[in-house]
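Here's final_15.cif, which has mmCIF, C-alpha atoms:
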data_input
#
loop_
_atom_site.label_atom_id
_atom_site.label_comp_id
_atom_site.auth_asym_id
_atom_site.auth_seq_id
_atom_site.Cartn_x
_atom_site.Cartn_y
_atom_site.Cartn_z
CA MET A 1 -11.25 -88.14 -8.38
CA ALA A 2 -13.89 -88.23 -10.95
CA VAL A 3 -16.45 -87.09 -8.42
CA LYS A 4 -14.35 -84.12 -7.39
CA ASP A 5 -13.86 -83.02 -10.95
CA ARG A 6 -17.52 -83.35 -11.57
CA ASP A 7 -18.30 -81.25 -8.49
CA ARG A 8 -15.82 -78.65 -9.61
CA PHE A 9 -17.62 -78.12 -12.88
CA SER A 10 -21.15 -78.36 -11.55
CA THR A 11 -23.40 -75.33 -11.72
CA ALA A 12 -24.04 -75.28 -8.00
CA THR A 13 -20.34 -75.25 -7.27
CA ARG A 14 -19.74 -72.48 -9.76
CA ILE A 15 -22.57 -70.37 -8.33
CA ARG A 16 -21.27 -70.92 -4.81
CA ILE A 17 -17.74 -69.87 -5.83
CA LEU A 18 -19.08 -66.84 -7.67
CA GLY A 19 -21.13 -65.92 -4.61
CA GLU A 20 -18.12 -66.16 -2.36
CA GLN A 21 -16.04 -64.02 -4.72
CA THR A 22 -18.80 -61.45 -5.00
CA ALA A 23 -19.24 -61.39 -1.23
CA ALA A 24 -15.51 -60.88 -0.81
CA ARG A 25 -15.57 -57.97 -3.29
CA VAL A 26 -18.57 -56.37 -1.60
CA TYR A 27 -16.97 -56.78 1.81
CA ARG A 28 -13.75 -55.22 0.56
CA SER A 29 -15.60 -52.28 -1.01
CA GLN A 30 -17.63 -51.75 2.16
CA THR A 31 -14.52 -51.65 4.29
CA ARG A 32 -12.97 -49.13 1.91
CA ARG A 33 -16.08 -46.97 2.04
CA GLN A 34 -16.17 -47.15 5.79
CA ALA A 35 -12.52 -46.09 5.94
CA ARG A 36 -13.27 -43.18 3.64
CA ARG A 37 -16.35 -42.20 5.60
CA SER A 38 -14.44 -42.14 8.83
CA ARG A 39 -12.12 -39.47 7.40
CA LEU A 40 -14.86 -36.99 6.44
CA THR A 41 -18.08 -37.23 8.38
CA GLY A 42 -21.17 -35.17 7.86
CA ARG A 43 -20.36 -33.07 10.92
CA ALA A 44 -16.88 -32.30 9.62
CA ALA A 45 -18.28 -31.31 6.23
CA LEU A 46 -20.83 -29.03 7.91
CA LEU A 47 -18.11 -27.51 10.08
CA ALA A 48 -15.93 -26.88 7.02
CA LEU A 49 -18.89 -25.27 5.23
CA VAL A 50 -19.62 -23.00 8.21
CA LEU A 51 -15.96 -21.97 8.51
CA CYS A 52 -15.70 -21.18 4.80
CA SER A 53 -18.87 -19.11 4.91
CA LEU A 54 -17.57 -17.21 7.97
CA ILE A 55 -14.29 -16.48 6.20
CA VAL A 56 -16.13 -15.23 3.12
CA ALA A 57 -18.53 -13.18 5.24
CA LEU A 58 -15.75 -11.56 7.28
CA ALA A 59 -13.27 -10.92 4.47
CA TYR A 60 -14.82 -7.63 3.30
CA PRO A 61 -15.29 -6.07 6.77
CA ILE A 62 -11.74 -6.98 7.73
CA ARG A 63 -10.41 -5.43 4.52
CA GLN A 64 -12.45 -2.29 5.23
CA TYR A 65 -11.12 -2.17 8.79
CA VAL A 66 -7.51 -2.42 7.65
CA SER A 67 -7.95 0.24 4.97
CA GLN A 68 -9.68 2.59 7.42
CA ARG A 69 -6.88 2.12 9.96
CA ALA A 70 -4.36 3.02 7.26
CA GLU A 71 -6.40 6.09 6.34
CA ILE A 72 -6.61 7.13 9.99
CA SER A 73 -2.85 6.87 10.38
CA ASP A 74 -2.35 8.97 7.22
CA LEU A 75 -4.74 11.61 8.53
CA GLU A 76 -2.94 11.70 11.88
CA ARG A 77 0.37 12.19 10.07
CA GLN A 78 -1.15 15.02 8.02
CA LYS A 79 -2.52 16.55 11.21
CA GLN A 80 0.94 16.54 12.79
CA GLN A 81 2.43 18.14 9.70
CA ALA A 82 -0.27 20.81 9.70
CA GLN A 83 0.36 21.53 13.38
CA GLN A 84 4.08 21.89 12.71
CA ARG A 85 3.35 24.26 9.82
CA VAL A 86 1.03 26.32 12.07
CA GLU A 87 3.79 26.56 14.67
CA GLN A 88 6.26 27.70 12.02
CA LEU A 89 3.84 30.35 10.79
CA ARG A 90 3.20 31.54 14.35
CA ASP A 91 6.93 31.86 14.90
CA LEU A 92 7.27 33.81 11.65
CA LYS A 93 4.39 36.08 12.62
CA ALA A 94 5.96 36.72 16.01
CA ARG A 95 9.27 37.57 14.35
CA TRP A 96 7.58 40.02 11.98
CA GLN A 97 5.94 41.70 14.99
CA ASP A 98 9.42 42.65 16.16
CA ASP A 99 10.45 45.97 14.58
CA ALA A 100 14.14 45.07 14.51
CA TYR A 101 13.47 41.91 12.49
CA ALA A 102 11.16 43.72 10.09
CA GLU A 103 13.74 46.47 9.59
CA GLN A 104 16.48 43.90 8.97
CA ARG A 105 14.43 42.03 6.37
CA ILE A 106 13.40 45.28 4.62
CA ARG A 107 16.97 46.49 4.43
CA GLU A 108 18.14 43.09 3.16
CA ARG A 109 15.48 42.61 0.51
CA LEU A 110 14.96 46.13 -0.73
CA HIS A 111 18.52 47.38 -0.17
CA TYR A 112 17.33 50.28 1.97
CA VAL A 113 19.84 52.29 3.93
CA MET A 114 19.32 54.57 6.88
CA PRO A 115 20.09 58.29 6.53
CA GLY A 116 23.79 58.89 6.85
CA GLU A 117 24.76 55.35 5.78
CA THR A 118 26.47 54.51 2.53
CA GLY A 119 24.89 51.75 0.53
CA PHE A 120 26.89 49.43 -1.65
CA VAL A 121 26.30 46.12 -3.42
CA VAL A 122 28.93 43.41 -3.68
CA VAL A 123 28.76 41.54 -6.97
CA ASP A 124 29.56 37.88 -6.73
CA PRO A 125 31.86 36.80 -9.60
CA GLY A 126 30.06 33.45 -9.80
CA ALA A 127 26.76 35.26 -10.28
CA ALA A 128 28.24 37.31 -13.13
CA GLN A 129 29.34 34.12 -14.88
CA GLN A 130 25.86 32.67 -14.43
CA SER A 131 24.26 35.74 -15.95
CA ARG A 132 26.58 35.46 -18.96
CA ALA A 133 25.61 31.82 -19.29
CA ARG A 134 21.97 32.83 -19.26
CA GLN A 135 22.41 35.17 -22.17
CA GLY A 136 21.38 32.18 -24.25
CA ALA A 137 17.87 32.87 -22.97
CA ALA A 138 17.23 34.95 -26.10
CA ASP A 139 17.15 31.71 -28.06
CA ARG A 140 14.22 30.40 -25.99
CA PRO A 141 10.55 31.40 -26.32
CA TRP A 142 9.48 34.46 -24.32
CA TYR A 143 7.14 32.52 -22.03
CA SER A 144 10.03 30.32 -20.82
CA ASN A 145 11.94 33.42 -19.78
CA VAL A 146 8.90 34.81 -17.98
CA TRP A 147 8.33 31.55 -16.15
CA ASP A 148 12.00 31.37 -15.10
CA GLY A 149 11.67 34.88 -13.68
CA VAL A 150 8.63 33.84 -11.67
CA ASP A 151 10.51 30.80 -10.33
CA LYS A 152 13.49 32.94 -9.33
CA SER A 153 11.34 35.49 -7.52
CA ASP A 154 9.46 32.73 -5.72
CA ALA A 155 12.71 31.05 -4.63
CA TYR A 156 14.06 34.38 -3.37
CA ASP A 157 11.09 34.82 -0.98
CA GLN A 158 11.85 31.64 0.83
#
Could you show the structure in this file as structure tokens?
Amino acid sequence: MAVKDRDRFSTATRIRILGEQTAARVYRSQTRRQARRSRLTGRAALLALVLCSLIVALAYPIRQYVSQRAEISDLERQKQQAQQRVEQLRDLKARWQDDAYAEQRIRERLHYVMPGETGFVVVDPGAAQQSRARQGAADRPWYSNVWDGVDKSDAYDQ
């Protein structure tokens, strides 16, 4: 037993044990590195880099494409609205070309009567109450009254 104890504490034995422990640590670290390397190889990293650069390079053109498509759809909608408005104006022009329609509108707006007819105006009681309510217009500045008159005349044309 004395020989074993002496071997246990000898320098050669200690160095050998330290070498084995170090080798075991190195082997363990190498296996860990190899496991990590197998997850992300150089090819995978290059592929990820290429994909990211493609995404960054294509982001702006795709955004431009989407915004231009939205603008095109807005312009098409405006075009349809303009075409509808043109059709309405053509219909109105065609109606005004008819003498009977023109005469009807003139008589209605200007209160004209044909010779031999009796003209009369029916006063709406609700309108009389509104005009009394608007007598408070004297309290407002003059330009408000003028602007209200312009609004009324504009609404009457439509």
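For the atom pair formed by CA of Arg107 in chain A and CA of Val121 in chain A, the distance is 12.2 Å, given to one decimal.
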Measure the distance from CA of Glu87 in chain A to CA of Asp74 in chain A in Å and round it to one decimal.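 Between CA of Glu87 in chain A and CA of Asp74 in chain A the gap is 20.1 Å.
Distance-wise, CA of Arg109 in chain A and CA of Asp154 in chain A end up 13.1 Å apart.
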Put the listed atoms of range 81-95 of chain A in a box along x, y and z with 4 Å added on every side and give me the centre and edge lengths in Å to one decimal, as lines of an AutoDock Vina configuration file.
center_x = 4.5
center_y = 27.9
center_z = 12.9
size_x = 17.5
size_y = 27.4
size_z = 14.3
